[in-house]
Amino acid sequence: MSSDYSGGQDPAINVLVSTMNDLPGFRVERVLGEVFGLTVRARNVASSFGSAMKSLKGGELKGQTRMLVDSRLEAMRRLTDEAATRGGNAVLAMRFETSAGELGTEICAYGTACVVSPTNPVQPKR
């Protein structure tokens, strides 16, 4: 896949996000509770029609893939914004939940907001 279809966290975001329950090299100082980021995206008529035609002959539905990537990134941004608003610098046990309904696709990113610190902070050289 090209970078247009990749996911991951925006490097400009200062909240560490991990799907793990802990972070090697870090200590959890405080647990701030569950946070989530949610977005619902509706497919436009032209995109839906194009996808229906493409599905008849097979192959990737690039318009739908792009929409899902954008939705996941938006949900992640909202998740990290909420964690930062609560004073967190990390989200642990992050997961995505997706559902498709009549109105569109719902993407929810959720996890546990925490304050973490390195277990072995770098000491200044003397």
# chains A, B, ... in the order shown; residues from 1 in each chain; ligands from 1
call {"tool": "select_by_dssp", "arguments": {"residues": "chain A", "states": "strand (DSSP E)", "output": "ChimeraX atom specification"}}
result
/A:16-17,26-41,90-100,105-118
call {"tool": "residues_around", "arguments": {"residues": "range 31-36 of chain A", "least_positions_apart": "5", "cutoff": "6 Å", "atoms": "only C-alpha atoms", "output": "PyMOL selection string"}}
result
chain A and resi 79+109-114
call {"tool": "residues_around", "arguments": {"residues": "Gln9 in chain A", "least_positions_apart": "6", "cutoff": "10 Å", "atoms": "only C-alpha atoms", "output": "list of chain:residue names"}}
result
A:Val15, A:Leu16, A:Val17, A:Ser18, A:Arg72, A:Leu73, A:Met76, A:Arg77, A:Thr80
call {"tool": "residues_around", "arguments": {"residues": "Phe26 in chain A", "least_positions_apart": "5", "cutoff": "8 Å", "atoms": "only C-alpha atoms", "output": "list in words"}}
result
Val116, Ser117, Pro118 and Thr119 of chain A
call {"tool": "select_by_dssp", "arguments": {"residues": "range 69-116 of chain A", "states": "alpha helix (DSSP H)", "output": "list in words"}}
result
Val69, Asp70, Ser71, Arg72, Leu73, Glu74, Ala75, Met76, Arg77, Arg78, Leu79, Thr80, Asp81, Glu82, Ala83, Ala84 and Thr85 of chain A
call {"tool": "closest_residue", "arguments": {"among": "A:Leu38, A:Met20, A:Val122, A:Ala84", "to": "Glu97 in chain A", "atoms": "only C-alpha atoms"}}
result
A:Leu38
call {"tool": "closest_residue", "arguments": {"among": "A:Ala12, A:Val28, A:Leu23, A:Met67", "to": "Thr105 in chain A", "atoms": "only C-alpha atoms"}}
result
A:Met67
call {"tool": "atom_distance", "arguments": {"atom1": "CA of Val91 in chain A", "atom2": "CA of Asp22 in chain A"}}
result
9.8 Å
call {"tool": "atom_distance", "arguments": {"atom1": "CA of Glu29 in chain A", "atom2": "CA of Ala93 in chain A"}}
result
15.9 Å
call {"tool": "residues_around", "arguments": {"residues": "Gly101 in chain A", "least_positions_apart": "6", "cutoff": "12 Å", "atoms": "only C-alpha atoms", "output": "list of chain:residue names"}}
result
A:Val40, A:Arg41, A:Ala42, A:Arg43, A:Ile107
call {"tool": "atom_distance", "arguments": {"atom1": "CA of Ile13 in chain A", "atom2": "CA of Arg30 in chain A"}}
result
20.0 Å
call {"tool": "residues_around", "arguments": {"residues": "Thr19 in chain A", "least_positions_apart": "6", "cutoff": "8 Å", "atoms": "only C-alpha atoms", "output": "list in words"}}
result
Leu92, Ala93, Met94 and Arg95 of chain A
